[in-house]
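First comes the structure, then the notes that go with it.
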Protein chains: 2
Amino acid sequence: MARTDDRFRIAYQDLLTVMATQPIGSDLPPELVLADQLSISRTTVRAVLTAFAKAGLIVWEGRKKTILRMPTAKDRLAMRDEYLPREELEQRFLKWVLRFDVPAGTPLNVAKLAKEFSVPPHALQEFLSGLSQFGLVTRRPRGGWSLLGFTADYAVELSEFRAVLELNAVRTLVHLPRDHPIWQKLTELEQQHENLAARIDTDFHDFSPLDEAFHHTITSVVQNRFVKQFQKVISLIFHYHYQWDKRMERSRNEAAIGEHLAIIRALRSGDEQAAAQAATAHLATSKETLLASLRVNALIADAP
Amino acid sequence: MARTDDRFRIAYQDLLTVMATQPIGSDLPPELVLADQLSISRTTVRAVLTAFAKAGLIVWEGRKKTILRMPTAKDRLAMRDEYLPREELEQRFLKWVLRFDVPAGTPLNVAKLAKEFSVPPHALQEFLSGLSQFGLVTRRPRGGWSLLGFTADYAVELSEFRAVLELNAVRTLVHLPRDHPIWQKLTELEQQHENLAARIDTDFHDFSPLDEAFHHTITSVVQNRFVKQFQKVISLIFHYHYQWDKRMERSRNEAAIGEHLAIIRALRSGDEQAAAQAATAHLATSKETLLASLRVNALIADAP
DNA sequence: AGAATGTTTTTTGTATAAAAAAAATAAAAA
DNA sequence: TTTTTATTTTTTTTATACAAAAAACATTCT
């Protein structure tokens with residue numbers, strides 16, 4: 001009927017655990033200090049203190065808040081059937097979109113989806129509005145939303161955009177001075193790659209996090225909020241698919257390791273052209289892999 | 001109290017004008033056809049027809065909708081004090097942000113702003129959520145919004161990002177076959193630039209639209225939804241500032257025309273390096289201009 | 001039979017209300 | 001005078017209600 005009291009409940013729990021470390025009879029700090037500690041407003045602190053007094057945990061008179069007894073299991077406040085936090089909604093929704101190769105233009109029912117994902121309708125609305133920036137959904141001309149879906153077209157354009165950003169990073173990186181920390185990091189990555197290459201037969205599953213680390217390191221030399229914005233989505237989509245398509249995983253990863261090593265060496269040579277070429281080659285492979293996994297997915301979806 | 005009947009009112013008007021072209025006594029087409037013509041649902045068509053019948057404009061019996069008389073000025077339906085359309089809100093808000101060089105972290109009051117911009121609070125909320133993608137505003141940890149503002153840092157990063165996208169476009173463009181329509185367009189642009197250069201003393205104001213056309217043409221060779229997403233904001237911010245900072249407008253524009261012409265010629269030469277160099281030079285100038293206008297703005301704001 | 005209309009059911013967008021939390025202000029105690 | 005608490009005012013956030021619009025379904029007419 002109104003906004004949730006999640007914040008209050010969290011603060012209640014937190015203060016309970018804080019109190020457990022204090023001896024009986026001691027006084028709690030001033031409201032403002034508590035508010036600061038719990039990262040909430042004083043208003044909420046007072047609400048919690050009032051609840052504590054009611055539960056007989058403390059006596060609260062003026063500026064004295066004396067602990068009466070230790071909290072027990074019974075004092076814990078259950079969270080109400082809670083909504084998903086934003087982050088999780090994002091993850092779940094993206095997986096839903098990526099997994100089910102929905103046809104372009106599928107209409108979305110906000111009310112139903114909100115229930116399904118157990119979030120308030122506005123939250124979903126806002127989330128969709130955010131997603132529309134990435135072109136995965138769009139507002140229909142006459143109200144409502146339409147899921148454009150993760151189509152082959154989309155994958156191609158995403159790959160191309162990724163290539164633009166990453167080539168830019170490579171071109172920047174290659175000219176950085178030799179005492180820049182990036183070179184040390186590249187050396188470490190090189191070792192990790194060589195290490196994994198040696199035991200690829202058994203540990204080819206370990207490649208996915210290494211891949212993410214590699215690309216993240218390369219792109220980290222470009223400190224730009226717009227670039228970073230997209231890198232987040234790109235990495236999410238690419239890696240989600242990566243760990244999902246299990247065909248030929250071993251050989252694919254082995255080849256990718258080789259390409260990564262080639263890029264590192266080209267970077268170290270200081271030759272911009274060579275580095276760009278190596279990166280382009282790898283990005284092209286990556287794109288093909290993504291597209292192939294899409295095709296397989298489509299086949300699976302079509303099968304009876 | 002409920003959703004607005006804007007759609008109904010628009011349909012009412014539209015049907016009025018459609019009817020004005022028909023002779024008295026003729027019949028209107030079936031509901032489904034009208035719905036299609038007016039791009040609304042049949043339900044709304046029926047609501048409009050009912051209103052028409054009540055107003056004595058038509059007799060509606062079964063599937064016969066006969067025009068009784070020509071509509072007069074009195075039949076027009078006034079739109080209710082309407083909200084701003086989304087597009088306009090975007091424009092107004094951006095101008096507001098760009099004009100007043102607000103300090104980073106200024107809290108935004110959604111309710112007040114919504115009133116000020118005369119939009120429903122949700123619309124503003126959603127709009128802010130969209131803007132947060134561009135890093136102009138951010139959601140504060142404990143609710144509410146905070147305006148990060150259009151700072152020098154922001155301008156620098158935006159310029160850099162623009163450079164990345166535009167250099168990519170240039171690199172693509174230079175290798176396009178000679179029968180691609182882009183070359184024809186470039187020739188036209190070249191003529192327009194030379195034309196303007198000849199009369200720059202009097203018409204230097206005409207440069208802004210030409211600049212927009214130039215950059216739009218260059219970037220149009222990259223068909224990528226992510227690129228386009230950003231191009232919109234970039235163009236908006238750059239051109240808003242462009243037409244705002246009036247210092248040395250004439251000489252600035254003259255110089256820019258020269259740089260544009262240099263880019264066109266370098267592109268035509270087919271030399272990727274040369275083209276990239278010319279584009280880089282121009283983008284650097286552009287960045288400086290943007291930063292300079294920001295500094296002037298700050299001085300004006302600080303003055304008593 | 002097929003097209004058009006009448007009716008019912010869903011869905012969406014907006015306004016309003018109410019609770020929770022934050023912020024601001026006033027008052028009191030140390 | 002400074003710190004802490006009490007009170008009041010704003011602001012944010014969710015829930016609910018309801019009209020408008022769309023879509024689905026049923027019926028009627030030609």
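Within each chain, counting starts at residue 1; across the structure tokens, chains are named A, B, ... in the order shown, with ligands numbered 1 upward in that order.
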
Output as a Markdown table one row per residue of chain A within 9 Å of chain B: the closest atom pair and its distance in Å to one decimal place, counting only C-alpha atoms, sorted by chain and residue number ascending.
```
| residue | atom | partner | partner_atom | distance |
| --- | --- | --- | --- | --- |
| A:Ser39 | CA | B:Arg142 | CA | 8.6 |
| A:Ile40 | CA | B:Arg142 | CA | 7.9 |
| A:His122 | CA | B:His122 | CA | 8.5 |
| A:Gln125 | CA | B:Glu126 | CA | 8.1 |
| A:Glu126 | CA | B:Glu126 | CA | 5.7 |
| A:Phe127 | CA | B:Ser129 | CA | 8.4 |
| A:Ser129 | CA | B:Gly130 | CA | 6.6 |
| A:Gly130 | CA | B:Gly130 | CA | 5.7 |
| A:Ser132 | CA | B:Gly130 | CA | 8.8 |
| A:Gln133 | CA | B:Gln229 | CA | 7.2 |
| A:Phe134 | CA | B:Phe226 | CA | 6.9 |
| A:Gly135 | CA | B:Arg225 | CA | 7.2 |
| A:Arg142 | CA | B:Ile40 | CA | 8.0 |
| A:Tyr154 | CA | B:Arg225 | CA | 8.4 |
| A:Glu157 | CA | B:Asn224 | CA | 5.6 |
| A:Leu158 | CA | B:Phe226 | CA | 7.5 |
| A:Glu160 | CA | B:Asn224 | CA | 8.0 |
| A:Phe161 | CA | B:Phe226 | CA | 7.1 |
| A:Val164 | CA | B:Asn168 | CA | 6.9 |
| A:Leu165 | CA | B:Val164 | CA | 7.6 |
| A:Asn168 | CA | B:Val164 | CA | 6.9 |
| A:Gln223 | CA | B:Glu157 | CA | 8.2 |
| A:Asn224 | CA | B:Glu157 | CA | 5.6 |
| A:Arg225 | CA | B:Glu157 | CA | 7.1 |
| A:Phe226 | CA | B:Phe134 | CA | 7.0 |
| A:Val227 | CA | B:Phe161 | CA | 7.3 |
| A:Gln229 | CA | B:Gln133 | CA | 7.4 |
| A:Phe230 | CA | B:Phe226 | CA | 8.8 |
```

Output file for the selection above: N, CA and C atoms, as a compact mmCIF listing (two decimals), in the first residue's frame:
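Done, and the output landed in selection-v2.txt:
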```
# COMPACT_ATOMS: atom_id res chain seq x y z
N SER A 39 24.15 3.80 7.51
CA SER A 39 23.88 4.43 6.22
C SER A 39 22.39 4.64 5.97
N ILE A 40 21.72 5.17 6.98
CA ILE A 40 20.32 5.52 6.81
C ILE A 40 20.08 6.87 7.48
N HIS A 122 6.77 -0.21 -12.05
CA HIS A 122 7.59 0.95 -12.46
C HIS A 122 9.03 0.56 -12.65
N GLN A 125 9.34 -0.94 -15.90
CA GLN A 125 9.17 0.10 -16.91
C GLN A 125 10.48 0.86 -17.10
N GLU A 126 11.05 1.24 -15.98
CA GLU A 126 12.28 2.01 -16.02
C GLU A 126 13.42 1.17 -16.58
N PHE A 127 13.41 -0.06 -16.20
CA PHE A 127 14.44 -0.96 -16.68
C PHE A 127 14.36 -1.12 -18.19
N SER A 129 13.06 0.96 -20.24
CA SER A 129 13.47 2.22 -20.83
C SER A 129 15.00 2.29 -20.94
N GLY A 130 15.66 1.74 -19.94
CA GLY A 130 17.11 1.69 -19.98
C GLY A 130 17.60 0.75 -21.08
N SER A 132 16.17 0.02 -23.73
CA SER A 132 15.89 0.52 -25.07
C SER A 132 17.11 1.29 -25.60
N GLN A 133 17.95 1.75 -24.67
CA GLN A 133 19.17 2.42 -25.08
C GLN A 133 20.11 1.45 -25.79
N PHE A 134 20.02 0.21 -25.42
CA PHE A 134 20.88 -0.79 -26.04
C PHE A 134 20.20 -1.47 -27.21
N GLY A 135 19.00 -1.00 -27.52
CA GLY A 135 18.33 -1.51 -28.70
C GLY A 135 17.77 -2.91 -28.56
N ARG A 142 2.14 2.85 -30.32
CA ARG A 142 0.90 3.15 -29.62
C ARG A 142 0.86 2.52 -28.24
N TYR A 154 21.68 -7.98 -34.61
CA TYR A 154 22.12 -7.34 -33.38
C TYR A 154 23.53 -7.79 -33.03
N GLU A 157 26.12 -6.18 -35.27
CA GLU A 157 26.39 -4.77 -34.96
C GLU A 157 27.11 -4.62 -33.64
N LEU A 158 26.76 -5.47 -32.70
CA LEU A 158 27.44 -5.42 -31.41
C LEU A 158 28.91 -5.77 -31.58
N GLU A 160 30.69 -5.46 -34.24
CA GLU A 160 31.38 -4.38 -34.95
C GLU A 160 31.71 -3.24 -34.01
N PHE A 161 30.74 -2.92 -33.19
CA PHE A 161 30.96 -1.83 -32.25
C PHE A 161 32.06 -2.19 -31.25
N VAL A 164 35.32 -1.64 -32.89
CA VAL A 164 35.70 -0.23 -32.95
C VAL A 164 36.33 0.20 -31.63
N LEU A 165 35.66 -0.14 -30.53
CA LEU A 165 36.17 0.28 -29.22
C LEU A 165 37.50 -0.38 -28.90
N ASN A 168 40.45 0.84 -30.96
CA ASN A 168 40.87 2.13 -30.44
C ASN A 168 41.76 1.95 -29.22
N GLN A 223 40.13 5.53 -20.63
CA GLN A 223 39.30 5.96 -19.51
C GLN A 223 38.21 6.88 -20.03
N ASN A 224 37.10 6.29 -20.42
CA ASN A 224 36.03 7.09 -21.00
C ASN A 224 34.70 6.52 -20.56
N ARG A 225 33.87 7.36 -19.97
CA ARG A 225 32.62 6.85 -19.38
C ARG A 225 31.69 6.24 -20.42
N PHE A 226 31.73 6.77 -21.64
CA PHE A 226 30.83 6.25 -22.67
C PHE A 226 31.28 4.87 -23.12
N VAL A 227 32.58 4.76 -23.26
CA VAL A 227 33.13 3.47 -23.63
C VAL A 227 32.79 2.44 -22.56
N GLN A 229 30.42 2.38 -20.40
CA GLN A 229 29.00 2.07 -20.41
C GLN A 229 28.72 0.85 -21.28
N PHE A 230 29.31 0.89 -22.47
CA PHE A 230 29.02 -0.17 -23.42
C PHE A 230 29.81 -1.42 -23.13
```

Q: Counting only C-alpha atoms (C1' of nucleotides), collect the residues of chain B whose closest atom lies at most 10 Å from chain C, and write them out as a list in words.
A: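 Taken together, these residues fit the definition: Met1, Ala2, Arg3, Thr4, Pro30, Glu31, Leu32, Gly62, Arg63, Pro120, Pro121, His122, Arg142 and Gly143 of chain B.
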
(Q) Residues of chain D within 6 Å of chain B, counting only C-alpha atoms (C1' of nucleotides) - could you list those as an NGL selection string? (A) :D and (18-20 or 22)

Those residues you just picked out, can you put them in a file as a PDB file, in the first residue's frame with C-alpha atoms (C1' of nucleotides)?
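Generated file (result.pdb):
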```pdb
ATOM      1  C1'  DC D  18      -9.936   4.170 -12.895  1.00  0.00           C
ATOM      2  C1'  DA D  19     -10.569   5.838 -17.490  1.00  0.00           C
ATOM      3  C1'  DA D  20      -8.827   5.205 -22.202  1.00  0.00           C
ATOM      4  C1'  DA D  22      -6.377  -2.023 -27.602  1.00  0.00           C
TER       5       DA D  22
END
```

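Rounded to one decimal, CA of Asp14 (chain A) and CA of Arg140 (chain B) lie 21.4 Å from each other.
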
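One finds CA of Leu148 (chain A) at 25.8 Å from CA of Glu166 (chain A).
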
Q) So which residues of region 38-167 of chain A fall under alpha helix (DSSP H) by DSSP, listed as a PyMOL selection string? A) chain A and resi 38+42-54+86-99+110-116+121-131+152-167

Q.
Could you tell me how far CA of Ala276 (chain A) sits from CA of Tyr240 (chain A), in Å to one decimal place?
A.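 Those two atoms sit 25.8 Å apart.
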
Q: Do a neighbour search on region 48-56 of chain B at 12 Å with only C-alpha atoms (C1' of nucleotides), toss out local chain neighbours closer than 6 positions, and write the hits as a ChimeraX atom specification.
A: /B:5,7-16,19,28-31,34-35,38,40-42,62-72,74-77
